[in-house]
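Raw model.cif, mmCIF, C-alpha atoms (C1' of nucleotides):
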```cif
data_protein
loop_
_atom_site.group_PDB
_atom_site.id
_atom_site.type_symbol
_atom_site.label_atom_id
_atom_site.label_comp_id
_atom_site.auth_asym_id
_atom_site.auth_seq_id
_atom_site.Cartn_x
_atom_site.Cartn_y
_atom_site.Cartn_z
ATOM 1 C CA MET A 945 130.716 89.255 128.991
ATOM 2 C CA PRO A 946 133.916 89.465 127.005
ATOM 3 C CA GLU A 947 134.819 92.540 125.013
ATOM 4 C CA LEU A 948 138.097 93.520 123.387
ATOM 5 C CA ALA A 949 140.535 93.299 126.297
ATOM 6 C CA GLU A 950 138.751 90.471 128.040
ATOM 7 C CA VAL A 951 138.952 88.477 124.813
ATOM 8 C CA GLU A 952 142.674 89.215 124.693
ATOM 9 C CA PHE A 953 142.981 87.959 128.253
ATOM 10 C CA PHE A 954 141.305 84.668 127.362
ATOM 11 C CA ARG A 955 143.380 84.323 124.203
ATOM 12 C CA ARG A 956 146.521 84.375 126.347
ATOM 13 C CA VAL A 957 145.107 81.832 128.794
ATOM 14 C CA TRP A 958 145.130 79.037 126.236
ATOM 15 C CA MET A 959 148.489 80.146 124.841
ATOM 16 C CA ARG A 960 150.072 78.976 128.092
ATOM 17 C CA ALA A 961 149.675 75.495 126.607
ATOM 18 C CA ALA A 962 151.350 76.212 123.278
ATOM 19 C CA SER A 963 153.707 73.672 121.707
ATOM 20 C CA VAL A 964 152.322 70.734 123.705
ATOM 21 C CA PRO A 965 150.610 67.940 121.773
ATOM 22 C CA VAL A 966 146.887 67.337 122.190
ATOM 23 C CA LEU A 967 146.300 63.814 123.479
ATOM 24 C CA GLU A 968 142.559 63.763 123.265
ATOM 25 C CA VAL A 969 139.612 65.935 122.279
ATOM 26 C CA GLN A 970 136.400 65.790 124.228
ATOM 27 C CA LEU A 971 133.350 67.714 123.143
ATOM 28 C CA HIS A 972 129.661 68.075 123.602
ATOM 29 C CA PRO A 973 128.380 67.633 120.048
ATOM 30 C CA LYS A 974 124.944 68.923 120.912
ATOM 31 C CA ALA A 975 126.076 72.070 122.639
ATOM 32 C CA ARG A 976 124.917 75.044 120.643
ATOM 33 C CA PRO A 977 128.332 76.768 120.359
ATOM 34 C CA LEU A 978 129.617 73.708 118.483
ATOM 35 C CA ARG A 979 126.702 73.529 116.065
ATOM 36 C CA GLU A 980 128.859 74.426 113.048
ATOM 37 C CA VAL A 981 131.776 72.088 113.624
ATOM 38 C CA ASP A 982 132.414 68.749 111.994
ATOM 39 C CA TYR A 983 133.085 66.856 115.243
ATOM 40 C CA GLU A 984 134.928 63.931 113.692
ATOM 41 C CA ALA A 985 137.143 66.179 111.612
ATOM 42 C CA LEU A 986 137.958 68.310 114.642
ATOM 43 C CA ARG A 987 138.731 65.287 116.800
ATOM 44 C CA GLU A 988 140.904 63.590 114.231
ATOM 45 C CA GLY A 989 142.562 66.798 113.168
ATOM 46 C CA LEU A 990 143.561 68.153 116.558
ATOM 47 C CA THR A 991 144.574 64.878 118.188
ATOM 48 C CA GLY A 992 148.365 64.765 118.130
ATOM 49 C CA SER A 993 148.783 68.350 116.975
ATOM 50 C CA CYS A 994 150.191 71.308 118.894
ATOM 51 C CA LEU A 995 148.853 74.787 119.453
ATOM 52 C CA GLU A 996 151.259 77.020 117.531
ATOM 53 C CA SER A 997 149.890 80.540 117.467
ATOM 54 C CA SER A 998 146.767 82.609 117.780
ATOM 55 C CA SER A 999 145.308 85.984 117.041
ATOM 56 C CA ALA A 1000 142.298 87.995 118.023
ATOM 57 C CA SER A 1001 140.106 90.286 115.978
ATOM 58 C CA GLY A 1002 137.568 92.217 117.973
ATOM 59 C CA LYS A 1003 135.618 89.718 120.028
ATOM 60 C CA ARG A 1004 136.797 86.762 117.958
ATOM 61 C CA MET A 1005 139.852 84.575 118.307
ATOM 62 C CA CYS A 1006 141.558 82.097 116.060
ATOM 63 C CA TYR A 1007 143.949 79.411 117.311
ATOM 64 C CA LYS A 1008 146.305 77.818 114.821
ATOM 65 C CA PHE A 1009 147.359 74.209 115.438
ATOM 66 C CA SER A 1010 150.140 72.299 113.692
ATOM 67 C CA GLY A 1011 149.085 70.691 110.440
ATOM 68 C CA ASN A 1012 147.374 73.869 109.196
ATOM 69 C CA GLN A 1013 144.419 73.620 111.499
ATOM 70 C CA TRP A 1014 142.312 76.553 112.579
ATOM 71 C CA LEU A 1015 140.038 76.767 115.596
ATOM 72 C CA GLY A 1016 137.791 79.830 115.784
ATOM 73 C CA VAL A 1017 136.388 80.911 119.135
ATOM 74 C CA HIS A 1018 133.718 83.479 119.941
ATOM 75 C CA LEU A 1019 132.836 83.745 123.615
ATOM 76 C CA GLY A 1020 129.385 85.191 123.081
ATOM 77 C CA MET A 1021 127.891 86.628 126.232
ATOM 78 C CA THR A 1022 129.121 84.213 128.892
ATOM 79 C CA GLY A 1023 131.926 82.189 127.340
ATOM 80 C CA GLU A 1024 135.370 81.679 128.845
ATOM 81 C CA LEU A 1025 138.581 79.784 128.203
ATOM 82 C CA ARG A 1026 140.340 78.060 131.071
ATOM 83 C CA VAL A 1027 143.305 75.843 131.784
ATOM 84 C CA GLU A 1028 142.685 73.008 134.222
ATOM 85 C CA ALA A 1029 144.562 69.958 135.513
ATOM 86 C CA PRO A 1030 145.067 66.994 133.143
ATOM 87 C CA GLY A 1031 142.475 64.815 134.872
ATOM 88 C CA PHE A 1032 139.940 67.589 135.282
ATOM 89 C CA ILE A 1033 136.344 66.390 135.076
ATOM 90 C CA PRO A 1034 134.331 68.710 132.828
ATOM 91 C CA LEU A 1035 131.531 70.672 134.442
ATOM 92 C CA LYS A 1036 128.076 71.134 133.024
ATOM 93 C CA HIS A 1037 128.940 73.993 130.688
ATOM 94 C CA ASP A 1038 132.411 72.850 129.611
ATOM 95 C CA HIS A 1039 131.547 72.073 126.001
ATOM 96 C CA LEU A 1040 135.026 71.502 124.572
ATOM 97 C CA VAL A 1041 138.053 70.011 126.347
ATOM 98 C CA LEU A 1042 141.512 69.502 124.829
ATOM 99 C CA ARG A 1043 143.572 67.062 126.911
ATOM 100 C CA LEU A 1044 147.303 67.774 126.916
ATOM 101 C CA THR A 1045 150.019 66.022 128.898
ATOM 102 C CA LYS A 1046 150.136 68.547 131.730
ATOM 103 C CA SER A 1047 146.871 70.434 131.404
ATOM 104 C CA SER A 1048 143.394 70.543 129.935
ATOM 105 C CA LEU A 1049 142.140 73.412 127.809
ATOM 106 C CA ILE A 1050 138.486 74.238 128.413
ATOM 107 C CA PHE A 1051 135.893 76.192 126.456
ATOM 108 C CA ALA A 1052 132.870 76.876 128.677
ATOM 109 C CA ASP A 1053 129.736 78.853 127.877
ATOM 110 C CA PRO A 1054 126.617 78.620 130.107
ATOM 111 C CA ARG A 1055 124.369 80.837 128.043
ATOM 112 C CA MET A 1056 125.614 79.291 124.817
ATOM 113 C CA PHE A 1057 125.688 82.381 122.613
ATOM 114 C CA GLY A 1058 129.314 81.567 121.808
ATOM 115 C CA ARG A 1059 130.591 79.817 118.710
ATOM 116 C CA ILE A 1060 133.378 77.398 117.842
ATOM 117 C CA GLN A 1061 134.566 76.981 114.250
ATOM 118 C CA TYR A 1062 137.033 74.513 112.803
ATOM 119 C CA ALA A 1063 138.801 74.240 109.470
ATOM 120 C CA SER A 1064 142.001 72.845 108.027
ATOM 121 C CA GLY A 1065 144.042 74.127 105.115
ATOM 122 C CA ALA A 1066 147.114 76.163 104.284
ATOM 123 C CA ASP A 1067 145.171 79.398 103.913
ATOM 124 C CA ALA A 1068 143.050 81.063 106.556
ATOM 125 C CA PRO A 1069 139.478 79.768 106.363
ATOM 126 C CA PRO A 1070 136.803 82.072 104.904
ATOM 127 C CA TRP A 1071 135.648 83.031 108.370
ATOM 128 C CA TRP A 1072 139.110 84.362 109.257
ATOM 129 C CA ARG A 1073 139.582 86.621 106.225
ATOM 130 C CA ASP A 1074 138.509 90.206 105.570
ATOM 131 C CA LEU A 1075 138.667 91.051 109.245
ATOM 132 C CA PRO A 1076 137.597 94.524 110.377
ATOM 133 C CA PRO A 1077 140.330 97.047 111.259
ATOM 134 C CA ASP A 1078 141.961 96.574 114.652
ATOM 135 C CA LEU A 1079 141.129 99.524 116.925
ATOM 136 C CA LEU A 1080 144.809 99.957 117.767
ATOM 137 C CA SER A 1081 146.154 99.746 114.223
ATOM 138 C CA PRO A 1082 146.748 102.658 111.839
ATOM 139 C CA LYS A 1083 143.978 101.266 109.655
ATOM 140 C CA PHE A 1084 141.507 102.409 112.298
ATOM 141 C CA SER A 1085 141.898 106.058 111.307
ATOM 142 C CA GLU A 1086 139.722 109.143 111.632
ATOM 143 C CA ALA A 1087 138.773 108.711 107.972
ATOM 144 C CA CYS A 1088 137.938 105.066 108.542
ATOM 145 C CA VAL A 1089 135.584 105.972 111.390
ATOM 146 C CA ASN A 1090 134.047 108.824 109.453
ATOM 147 C CA ASP A 1091 133.413 106.658 106.378
ATOM 148 C CA PHE A 1092 131.865 103.973 108.518
ATOM 149 C CA LEU A 1093 129.587 106.429 110.309
ATOM 150 C CA LEU A 1094 128.497 107.883 106.960
ATOM 151 C CA ARG A 1095 127.103 104.469 106.107
ATOM 152 C CA HIS A 1096 125.033 104.318 109.282
ATOM 153 C CA GLN A 1097 123.505 107.771 109.522
ATOM 154 C CA GLY A 1098 120.184 106.522 110.827
ATOM 155 C CA LEU A 1099 121.488 104.835 113.959
ATOM 156 C CA PRO A 1100 121.745 106.259 117.460
ATOM 157 C CA LEU A 1101 125.411 106.617 118.431
ATOM 158 C CA LYS A 1102 125.146 103.787 120.920
ATOM 159 C CA ALA A 1103 124.056 101.343 118.221
ATOM 160 C CA ALA A 1104 126.697 102.606 115.787
ATOM 161 C CA VAL A 1105 129.708 102.054 118.047
ATOM 162 C CA LEU A 1106 128.476 98.546 118.791
ATOM 163 C CA LEU A 1107 128.704 97.498 115.126
ATOM 164 C CA GLN A 1108 131.549 95.013 114.903
ATOM 165 C CA ASP A 1109 132.422 95.782 111.268
ATOM 166 C CA GLY A 1110 133.486 99.276 112.252
ATOM 167 C CA PHE A 1111 134.261 99.059 115.963
ATOM 168 C CA ALA A 1112 135.611 95.543 116.345
ATOM 169 C CA GLY A 1113 135.619 94.468 119.957
ATOM 170 C CA VAL A 1114 133.491 97.269 121.367
ATOM 171 C CA GLY A 1115 130.790 95.861 123.625
ATOM 172 C CA ASN A 1116 128.237 97.410 125.902
ATOM 173 C CA TRP A 1117 130.480 98.826 128.588
ATOM 174 C CA MET A 1118 133.134 100.083 126.168
ATOM 175 C CA ALA A 1119 130.434 101.777 124.081
ATOM 176 C CA ASP A 1120 129.119 103.666 127.101
ATOM 177 C CA GLU A 1121 132.654 104.592 128.124
ATOM 178 C CA ILE A 1122 133.500 105.925 124.658
ATOM 179 C CA LEU A 1123 130.381 108.088 124.419
ATOM 180 C CA TRP A 1124 130.782 109.360 127.980
ATOM 181 C CA ARG A 1125 134.368 110.410 127.286
ATOM 182 C CA SER A 1126 133.254 112.010 124.032
ATOM 183 C CA HIS A 1127 130.531 114.022 125.814
ATOM 184 C CA LEU A 1128 128.008 112.596 123.371
ATOM 185 C CA HIS A 1129 124.464 111.532 124.143
ATOM 186 C CA PRO A 1130 123.920 107.850 123.225
ATOM 187 C CA GLN A 1131 120.585 108.625 121.556
ATOM 188 C CA ARG A 1132 122.040 111.252 119.229
ATOM 189 C CA LYS A 1133 121.659 110.169 115.613
ATOM 190 C CA VAL A 1134 124.855 109.608 113.659
ATOM 191 C CA ALA A 1135 123.535 112.014 111.025
ATOM 192 C CA THR A 1136 123.716 114.926 113.483
ATOM 193 C CA LEU A 1137 127.430 114.514 114.221
ATOM 194 C CA THR A 1138 129.801 117.345 113.426
ATOM 195 C CA ALA A 1139 133.231 116.596 111.990
ATOM 196 C CA ALA A 1140 134.794 117.369 115.365
ATOM 197 C CA GLU A 1141 132.452 114.959 117.132
ATOM 198 C CA SER A 1142 133.312 112.183 114.695
ATOM 199 C CA VAL A 1143 136.982 112.832 115.425
ATOM 200 C CA ALA A 1144 136.225 112.637 119.148
ATOM 201 C CA ILE A 1145 134.574 109.246 118.747
ATOM 202 C CA HIS A 1146 137.669 108.000 116.952
ATOM 203 C CA ALA A 1147 140.041 109.387 119.566
ATOM 204 C CA GLU A 1148 138.095 108.117 122.566
ATOM 205 C CA THR A 1149 137.594 104.689 120.991
ATOM 206 C CA VAL A 1150 141.346 104.369 120.586
ATOM 207 C CA ALA A 1151 141.953 105.691 124.101
ATOM 208 C CA VAL A 1152 139.463 103.308 125.713
ATOM 209 C CA ALA A 1153 140.781 100.359 123.704
ATOM 210 C CA ARG A 1154 144.420 101.122 124.517
ATOM 211 C CA GLU A 1155 143.840 101.654 128.215
ATOM 212 C CA ALA A 1156 141.602 98.596 128.479
ATOM 213 C CA MET A 1157 144.238 96.451 126.795
ATOM 214 C CA ARG A 1158 146.843 97.787 129.213
ATOM 215 C CA THR A 1159 144.811 97.194 132.352
ATOM 216 C CA VAL A 1160 142.077 94.637 131.704
ATOM 217 C CA ALA A 1161 143.934 92.068 129.614
ATOM 218 C CA VAL A 1162 146.222 91.499 132.583
ATOM 219 C CA GLU A 1163 145.933 88.328 134.583
ATOM 220 C CA LYS A 1164 144.537 88.724 138.064
ATOM 221 C CA GLY A 1165 143.927 85.334 139.570
ATOM 222 C CA THR A 1166 141.911 83.368 137.066
ATOM 223 C CA THR A 1167 140.082 86.295 135.588
ATOM 224 C CA PHE A 1168 140.808 89.593 133.908
ATOM 225 C CA ALA A 1169 141.291 92.809 135.826
ATOM 226 C CA GLU A 1170 139.046 95.875 135.811
ATOM 227 C CA PRO A 1171 139.476 99.209 134.068
ATOM 228 C CA PRO A 1172 141.146 102.113 135.898
ATOM 229 C CA GLN A 1173 139.419 104.059 138.668
ATOM 230 C CA GLY A 1174 137.471 107.028 137.453
ATOM 231 C CA TRP A 1175 135.920 105.157 134.551
ATOM 232 C CA LEU A 1176 132.180 105.074 134.007
ATOM 233 C CA PHE A 1177 132.527 101.283 134.088
ATOM 234 C CA HIS A 1178 132.654 101.307 137.883
ATOM 235 C CA THR A 1179 129.442 103.245 138.444
ATOM 236 C CA ARG A 1180 127.222 102.422 135.486
ATOM 237 C CA TRP A 1181 125.590 99.360 137.046
ATOM 238 C CA GLY A 1182 125.135 100.690 140.556
ATOM 239 C CA LYS A 1183 121.642 101.272 141.865
ATOM 240 C CA VAL A 1184 122.369 104.969 142.000
ATOM 241 C CA GLY A 1185 125.269 105.310 139.622
ATOM 242 C CA LEU A 1186 127.018 108.653 139.758
ATOM 243 C CA CYS A 1187 128.993 110.330 136.999
ATOM 244 C CA PRO A 1188 132.713 110.055 137.833
ATOM 245 C CA ARG A 1189 133.210 113.537 136.381
ATOM 246 C CA ASP A 1190 130.555 115.662 138.055
ATOM 247 C CA GLY A 1191 128.833 113.340 140.507
ATOM 248 C CA SER A 1192 125.395 113.766 139.039
ATOM 249 C CA LYS A 1193 123.068 110.797 138.858
ATOM 250 C CA LEU A 1194 123.463 108.660 135.772
ATOM 251 C CA ARG A 1195 120.536 108.021 133.485
ATOM 252 C CA ARG A 1196 119.898 104.423 132.488
ATOM 253 C CA GLU A 1197 117.729 103.312 129.601
ATOM 254 C CA THR A 1198 117.670 100.925 126.662
ATOM 255 C CA VAL A 1199 119.277 102.474 123.588
ATOM 256 C CA GLY A 1200 119.948 100.585 120.392
ATOM 257 C CA GLY A 1201 118.502 97.549 122.113
ATOM 258 C CA ARG A 1202 121.027 97.588 124.958
ATOM 259 C CA THR A 1203 121.018 98.878 128.506
ATOM 260 C CA THR A 1204 122.827 102.181 128.369
ATOM 261 C CA ALA A 1205 124.123 104.501 131.079
ATOM 262 C CA TRP A 1206 125.016 108.131 130.540
ATOM 263 C CA CYS A 1207 125.325 111.455 132.310
ATOM 264 C CA GLU A 1208 122.817 114.072 131.236
ATOM 265 C CA VAL A 1209 125.110 116.866 132.356
ATOM 266 C CA CYS A 1210 128.247 115.673 130.524
ATOM 267 C CA GLN A 1211 126.378 114.246 127.574
ATOM 268 C CA PRO A 1212 123.673 116.736 126.608
ATOM 269 C CA LYS A 1213 121.093 115.693 124.077
ATOM 270 C CA GLY A 1214 121.463 118.839 122.016
ATOM 271 C CA ASN A 1215 123.720 119.130 119.012
ATOM 272 C CA LYS A 1216 126.558 121.418 120.003
ATOM 273 C CA ARG A 1217 127.018 123.758 117.079
ATOM 274 C CA ALA A 1218 130.455 123.674 115.617
ATOM 275 C "C1'" DC B 213 108.843 84.721 140.429
ATOM 276 C "C1'" DA B 214 109.651 87.988 136.926
ATOM 277 C "C1'" DA B 215 112.876 90.764 135.076
ATOM 278 C "C1'" DC B 216 117.306 91.292 133.631
ATOM 279 C "C1'" DC B 217 121.693 90.480 131.025
ATOM 280 C "C1'" DT B 218 129.262 93.190 128.985
ATOM 281 C "C1'" DG B 219 126.129 89.379 122.002
ATOM 282 C "C1'" DT B 220 125.008 87.911 117.515
ATOM 283 C "C1'" DT B 221 121.830 86.576 113.875
ATOM 284 C "C1'" DC B 222 117.665 86.184 111.480
ATOM 285 C "C1'" DG B 223 113.500 87.624 109.152
ATOM 286 C "C1'" DC B 224 110.903 91.478 108.026
ATOM 287 C "C1'" DC B 225 110.366 95.914 106.278
ATOM 288 C "C1'" DA B 226 111.499 100.489 104.117
ATOM 289 C "C1'" DA C 224 121.047 95.631 97.412
ATOM 290 C "C1'" DT C 225 121.398 98.096 101.788
ATOM 291 C "C1'" DG C 226 120.249 99.680 106.359
ATOM 292 C "C1'" DG C 227 117.388 99.554 110.604
ATOM 293 C "C1'" DC C 228 114.530 97.134 113.831
ATOM 294 C "C1'" DG C 229 112.881 93.693 116.985
ATOM 295 C "C1'" DA C 230 112.659 88.998 118.116
ATOM 296 C "C1'" DA C 231 115.035 84.854 119.074
ATOM 297 C "C1'" DC C 232 118.512 82.222 121.081
ATOM 298 C "C1'" DA C 233 119.505 79.880 126.991
ATOM 299 C "C1'" DG C 234 120.269 79.778 131.354
ATOM 300 C "C1'" DG C 235 121.876 81.843 135.470
ATOM 301 C "C1'" DT C 236 121.280 85.693 138.595
ATOM 302 C "C1'" DT C 237 118.779 89.305 141.062
#
```

Written as C-alpha cells, how would this file's structure read?
Amino acid sequence: MPELAEVEFFRRVWMRAASVPVLEVQLHPKARPLREVDYEALREGLTGSCLESSSASGKRMCYKFSGNQWLGVHLGMTGELRVEAPGFIPLKHDHLVLRLTKSSLIFADPRMFGRIQYASGADAPPWWRDLPPDLLSPKFSEACVNDFLLRHQGLPLKAAVLLQDGFAGVGNWMADEILWRSHLHPQRKVATLTAAESVAIHAETVAVAREAMRTVAVEKGTTFAEPPQGWLFHTRWGKVGLCPRDGSKLRRETVGGRTTAWCEVCQPKGNKRA
DNA sequence: CAACCTGTTCGCCA
DNA sequence: ATGGCGAACAGGTT
C-alpha cells in the first residue's frame, strides 16, 4: 500500500514517541519481515534506548535510536506503523512491538512483504548508504531523470517510473498519475521518448510527489489522507473509471507487471513528433 | 471459489 | 557485467 507520502505519514506516526525510553521489545522472530534481524541484538540494543530521529528515502525509513542504533523499516505492500496504548495486546499481524512508558509502537504487516533491518554503529549501516535521489531535492534534476531513462531504454514507461533507483517512492498509483499528467501512454518504450517528453516526466514526477506530500502525508484519523480531487487516483480503480480530464472511459491492463489505468484519449499510443 | 492486489527479489536469459 | 522478464513470496479481500 504505502508509497512516498504514505511512508512519510507512517514515519511521523512513530516519531510521536521520540525521546521516551523503550522498556521492552517484543517480536515475532519467525515473521518474514524480521527474517534478517538478529533478534537478541535488537532486543538488547533497543531496550533502554530512546528514539532520537528518523528519515525516509523513497519507500524506506530508518529510525535512529540512542546508542547509535539503526532500525530500517520497509512497509512492503500491506505494512503499517501504529501507536497503541502501553498495555496493548498485539494482534495477529503485529510482528514488532516496542513498549514505552506511555505507548506501544507497532509494526504490522499482514501480507509480510515488508522488511525490518537492525544495526548498531556510529556510521549509517550499509543498507542506509548510497540512497537514491529524493524526488523533491535538487539532485532529482531533469538531467538525472534523462540519464536514468537512458539506462533503461527497453522498458515500457510504466515499468521505468516504478524503478526505485531512479524514482524513489513512486508506486503503482503515483506511476499512473505521473504518466496521465504527462499525456504519455504507459506502454510506450523509453527509447521512443523525445527530450520534451523526458522533461515532462521529470516535471510531473516532482509535481505529483510535492502535492502528495502536502495532502496525503497529513494525519486524518489513524490513516493518511487522499490526494486532491481531480486526480486519476480517485477513478482508476472504479468499475467504470472515467478520465478526470475528458470523461472518457479509462483503459485498464497489466503493464510492466502491474495493473495500470490510463486514458486513451489523453495518453495516445503514438509518438508525438517533436 | 478464483481472481486480484498501491512491492520487492530472485533466477534465468539475452 | 548489465538489463529485462516472469515467478515467487502470503494472506486478506472481492

Write out as a Markdown table the residues of chain B that have any atom within 12 Å of an atom of chain A, one row each with the nearest atom pair and its distance in Å to one decimal, counting all atoms listed in the file, sorted by chain and then rising number.
```
| residue | atom | partner | partner_atom | distance |
| --- | --- | --- | --- | --- |
| B:DC216 | C1' | A:Thr1203 | CA | 9.9 |
| B:DC217 | C1' | A:Met1021 | CA | 8.7 |
| B:DT218 | C1' | A:Met945 | CA | 4.2 |
| B:DG219 | C1' | A:Met1021 | CA | 5.3 |
| B:DT220 | C1' | A:Phe1057 | CA | 7.6 |
| B:DT221 | C1' | A:Phe1057 | CA | 10.4 |
```

Exercise for review: Check which residues satisfy the PyMOL selection byres ((chain C) within 8 of (chain A)) in the file shown, then give them as a count of residues only.
Suggested key: 6

Check your understanding: Taking (129.6, 107.9, 134.1) in the file's coordinates, which residues come within 12 Å, counting all atoms listed in the file, written as a PyMOL selection string?
Key -> chain A and resi 1117-1129+1173-1182+1184-1196+1204-1211

Keeping C-alpha atoms for every residue in the selection just given, could you write it to a file as an mmCIF file, in the frame of the given file?
```cif
data_model
loop_
_atom_site.group_PDB
_atom_site.id
_atom_site.type_symbol
_atom_site.label_atom_id
_atom_site.label_comp_id
_atom_site.auth_asym_id
_atom_site.auth_seq_id
_atom_site.Cartn_x
_atom_site.Cartn_y
_atom_site.Cartn_z
ATOM 1 C CA TRP A 1117 130.480 98.826 128.588
ATOM 2 C CA MET A 1118 133.134 100.083 126.168
ATOM 3 C CA ALA A 1119 130.434 101.777 124.081
ATOM 4 C CA ASP A 1120 129.119 103.666 127.101
ATOM 5 C CA GLU A 1121 132.654 104.592 128.124
ATOM 6 C CA ILE A 1122 133.500 105.925 124.658
ATOM 7 C CA LEU A 1123 130.381 108.088 124.419
ATOM 8 C CA TRP A 1124 130.782 109.360 127.980
ATOM 9 C CA ARG A 1125 134.368 110.410 127.286
ATOM 10 C CA SER A 1126 133.254 112.010 124.032
ATOM 11 C CA HIS A 1127 130.531 114.022 125.814
ATOM 12 C CA LEU A 1128 128.008 112.596 123.371
ATOM 13 C CA HIS A 1129 124.464 111.532 124.143
ATOM 14 C CA GLN A 1173 139.419 104.059 138.668
ATOM 15 C CA GLY A 1174 137.471 107.028 137.453
ATOM 16 C CA TRP A 1175 135.920 105.157 134.551
ATOM 17 C CA LEU A 1176 132.180 105.074 134.007
ATOM 18 C CA PHE A 1177 132.527 101.283 134.088
ATOM 19 C CA HIS A 1178 132.654 101.307 137.883
ATOM 20 C CA THR A 1179 129.442 103.245 138.444
ATOM 21 C CA ARG A 1180 127.222 102.422 135.486
ATOM 22 C CA TRP A 1181 125.590 99.360 137.046
ATOM 23 C CA GLY A 1182 125.135 100.690 140.556
ATOM 24 C CA VAL A 1184 122.369 104.969 142.000
ATOM 25 C CA GLY A 1185 125.269 105.310 139.622
ATOM 26 C CA LEU A 1186 127.018 108.653 139.758
ATOM 27 C CA CYS A 1187 128.993 110.330 136.999
ATOM 28 C CA PRO A 1188 132.713 110.055 137.833
ATOM 29 C CA ARG A 1189 133.210 113.537 136.381
ATOM 30 C CA ASP A 1190 130.555 115.662 138.055
ATOM 31 C CA GLY A 1191 128.833 113.340 140.507
ATOM 32 C CA SER A 1192 125.395 113.766 139.039
ATOM 33 C CA LYS A 1193 123.068 110.797 138.858
ATOM 34 C CA LEU A 1194 123.463 108.660 135.772
ATOM 35 C CA ARG A 1195 120.536 108.021 133.485
ATOM 36 C CA ARG A 1196 119.898 104.423 132.488
ATOM 37 C CA THR A 1204 122.827 102.181 128.369
ATOM 38 C CA ALA A 1205 124.123 104.501 131.079
ATOM 39 C CA TRP A 1206 125.016 108.131 130.540
ATOM 40 C CA CYS A 1207 125.325 111.455 132.310
ATOM 41 C CA GLU A 1208 122.817 114.072 131.236
ATOM 42 C CA VAL A 1209 125.110 116.866 132.356
ATOM 43 C CA CYS A 1210 128.247 115.673 130.524
ATOM 44 C CA GLN A 1211 126.378 114.246 127.574
#
```

Review point. By how many Å are atom CA of Ile1050 of chain A and atom CA of Leu948 of chain A apart?
Key: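 Taking atom CA of Ile1050 of chain A as the start and atom CA of Leu948 of chain A as the end point, the length is 19.9 Å.
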
Check your understanding: How many Å separate atom C1' of DA231 of chain C from atom CA of Gln1131 of chain A?
Key ->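 Separation of atom C1' of DA231 of chain C and atom CA of Gln1131 of chain A: 24.5 Å.
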
Practice item. Report the residues retrieved by the PyMOL selection byres ((chain A and resi 983-998) around 9) from the displayed file, expressed as number ranges by chain. Key: A: 955-956, 958-959, 961-971, 973, 978, 980-982, 999-1000, 1005-1011, 1013, 1015, 1042, 1062-1064

Exercise for review: Select, from A:Asp1109, A:Glu952, A:Glu1028, A:Asp1067, the residue with the minimum atom-to-atom distance to Trp1014 of chain A, counting all atoms listed in the file.
Suggested key: A:Asp1067

Review point. Which residues fall under the PyMOL selection byres ((chain B and resi 214) around 12) in this file, as a list in words?
Key: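 Output of the PyMOL selection byres ((chain B and resi 214) around 12): DC213, DA215 and DC216 of chain B; DT236 and DT237 of chain C.
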
Check your understanding: Need the neighbours of (112.3, 86.1, 114.0): which residues are at most 8 Å away, counting all atoms listed in the file, as a PyMOL selection string?
Key -> (chain B and resi 222-223) or (chain C and resi 230-231)

Review point. Near Gly1065 of chain A, within 8 Å and counting all atoms listed in the file, which residues show up once chain neighbours fewer than 3 positions away are dropped, as a ChimeraX atom specification?
Key: /A:1012-1013,1068-1069

**Study point:** Interatomic distance (Å, one decimal) between atom CA of Val1105 of chain A and atom CA of Ile1145 of chain A
**Key:** 8.7 Å

Point to revise | Exercise: Leu1094 of chain A partners within 9 Å, all atoms listed in the file, chain neighbours under 5 positions left out, as a PyMOL selection string | key: chain A and resi 1089+1134-1135

Exercise for review: For segment 1030-1036 of chain A, work out the shell of residues within 7 Å, counting only C-alpha atoms (C1' of nucleotides) and skipping chain neighbours fewer than 6 positions away, then give it as a ChimeraX atom specification.
Suggested key: /A:1043-1048
